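Data block below; observations after.
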Amino acid sequence: MAPVVQFRAAVALAGRFPALAGVDLSVETGEVVLVVGANGAGKTSLLRACAGLLPVTAGEAHVLGVDLVADHTAVRRHVGLLGHAAPLYDELSAAENVRFAVRALGLPAATGERALERLGLVGRLRTTPAGRLSAGQRRRVALAALVARRPALWLLDEPHAGLDATSRTLLGELIAEAVVDGAAVLLSSHEPELSVPLSDRVVTMGGGRITGEEDGGRRARLAALPAEERSPDRGTMGAWHVA
Amino acid sequence: MWRDAVLVAGKDLRIEARSRVALWQVVPFAVLVLILVAFAIGPDNASLRHAAPGIFWIAVLFSTVLTIQRSVAVESGEGTRDGLRLSGIDPAGIFLGKAAAVGLQLLVLQVVLWAGVTFLFNVRVHVVWLAIVTSLLATVGLACAGVLYGALSAGLRVRDTLLPILVLPVLAPVLLAGSKAWQAALDGSASSGAEWLRILIPFAVIYLVIGIVLYGPLQEAA
């Protein structure tokens, strides 16, 4: 199967500035790749390019089989992006925000309900307008919407920011479940102590390029397992190709 | 597309019902315009009656700008703007949904303004169907053109001040045709009023079609 993300010398411009200046990156199905680097290195731009929000203007860029250079918008409904700002409407409750995300994809409402419960958004939290929630709670609502959509590619930009210890543990569990379910995860983080153990590979960015790569904590743990336990069932997302 | 439009319209109307911006800001603003212009014209009943249709449509036009600004502001944050683009909703559905939500608010506003005009200017509509058809067609045109220009200005820091400059000249045909058709409805002259519908119908259709086709590219550009 082709990689979920396949970038070769990919260039993306933010105005006239090359936010991505020739990125080479490949992410396989069921893989968790952590992107690290200083501020302005291009981590967020890479995630936004993978989401089809930042057009790739040169090089090669394929995500879930979609050629982003030819059409960067077609991939959007198949990826889930947790960005810096939560995609929530302040006047709508947590449940209504998640329900809107679920209905937009034509998924059953029960999917959203399960995600809300999984993220602990029950009782009053469920019906409180998003504008009255704390930053961490808003992050959990955004995560619930992402989980409910069951994207084939998770794009997580600083996912631990604003989350309490319990929610950070839950985030790790959700990523592990997504991978078992056949999704790929690309996350950026400034908190390596939290994100390296979740990842198979760690790539370093600088100046809009990939400048280094090493194994993550998850790969090291998998390597320590007996051979028969290293390849878990890849779940139900085998046929993710959209193009 | 239609399912998406219903989803987006429902979301926008629910947000408006919760925030009550239309109820507590747009409607009072429109009524204020009626009252202030009435003060400016003076106490002469004949002058007020003659000016009533124009004042009505000026109030509707200014309120349209406020309603559009509010509609754009709902998705002005980076999170919601990206969220909508990633939602999988057809851009044409977003356009139709937002235009429907704006249109419904404008129709409610016109009912309130109609009552205000009747009370303040002591006028009576003799050809009710003409007034209703004019309002419906004008509302479609105002909502479609407004949402389209709202998308054009959405990504700009100066959108709040730029939008009226962009959209008010474009909406001038609605002001003209709406006022003339309403004048005819007040005078009981259905045939002369119906002539002005010939401006409102193509205006509404053209902006409806342009919006469906161009909303996606405009959303990307913004």
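The chains in the structure tokens are called A, B, ... from first to last as shown; in each chain the residues are counted from 1, and the ligands are counted from 1 in the order shown.
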
message: With only C-alpha atoms as the counted atoms, please give the residues lying no more than 8 Å from Val65 of chain B, apart from itself and same-chain residues fewer than 6 positions off, as a count of residues only.
response: 5

query: Could you write out as a PyMOL selection string the residues of chain B within 12 Å of chain A, counting only C-alpha atoms?
result: chain B and resi 1-21+73-91+93-94+216-217+219-222

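Here atom CA of Gly211 of chain B stands at a distance of 6.5 Å from atom CA of Phe95 of chain B.
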
message: According to DSSP computed on the backbone, where in segment 46-183 of chain A is there helix (DSSP H, G or I)? Give the residues as a ChimeraX atom specification.
response: /A:46-50,76-78,94-104,109-118,124-127,130-132,135-149,165-180

message: Just want the 6 Å neighbourhood of segment 176-191 of chain B, counted on only C-alpha atoms, with same-chain residues fewer than 4 positions away dropped. Output as a list in words.
response: Pro53, Gly54, Val125, His126, Val127, Leu130, Ala131 and Trp196 of chain B

Expected file: the selected residues, N, CA and C atoms, as an mmCIF file, in the first residue's frame:
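The resulting file, part_5.cif, is shown below:
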```
data_model
loop_
_atom_site.group_PDB
_atom_site.id
_atom_site.type_symbol
_atom_site.label_atom_id
_atom_site.label_comp_id
_atom_site.auth_asym_id
_atom_site.auth_seq_id
_atom_site.Cartn_x
_atom_site.Cartn_y
_atom_site.Cartn_z
ATOM 1 N N PRO B 53 -41.414 54.296 1.441
ATOM 2 C CA PRO B 53 -40.781 53.111 0.821
ATOM 3 C C PRO B 53 -39.262 53.217 0.783
ATOM 4 N N GLY B 54 -38.756 54.407 0.432
ATOM 5 C CA GLY B 54 -37.305 54.593 0.368
ATOM 6 C C GLY B 54 -36.659 54.423 1.729
ATOM 7 N N VAL B 125 -50.573 49.565 2.812
ATOM 8 C CA VAL B 125 -50.254 48.863 1.564
ATOM 9 C C VAL B 125 -51.554 48.415 0.915
ATOM 10 N N HIS B 126 -51.782 48.854 -0.336
ATOM 11 C CA HIS B 126 -53.015 48.498 -1.037
ATOM 12 C C HIS B 126 -52.865 47.233 -1.868
ATOM 13 N N VAL B 127 -51.675 46.984 -2.393
ATOM 14 C CA VAL B 127 -51.438 45.756 -3.174
ATOM 15 C C VAL B 127 -50.479 44.875 -2.362
ATOM 16 N N LEU B 130 -47.971 42.425 -4.063
ATOM 17 C CA LEU B 130 -46.818 43.073 -4.693
ATOM 18 C C LEU B 130 -45.737 43.373 -3.645
ATOM 19 N N ALA B 131 -46.192 43.849 -2.500
ATOM 20 C CA ALA B 131 -45.227 44.143 -1.427
ATOM 21 C C ALA B 131 -44.531 42.869 -0.961
ATOM 22 N N TRP B 196 -41.011 46.767 -11.841
ATOM 23 C CA TRP B 196 -39.751 46.818 -11.089
ATOM 24 C C TRP B 196 -39.277 45.436 -10.640
#
```

- prompt: How far is it from atom CA of Ser63 of chain B to atom CA of Phe29 of chain B, in Å with one decimal?
  reply: 7.3 Å
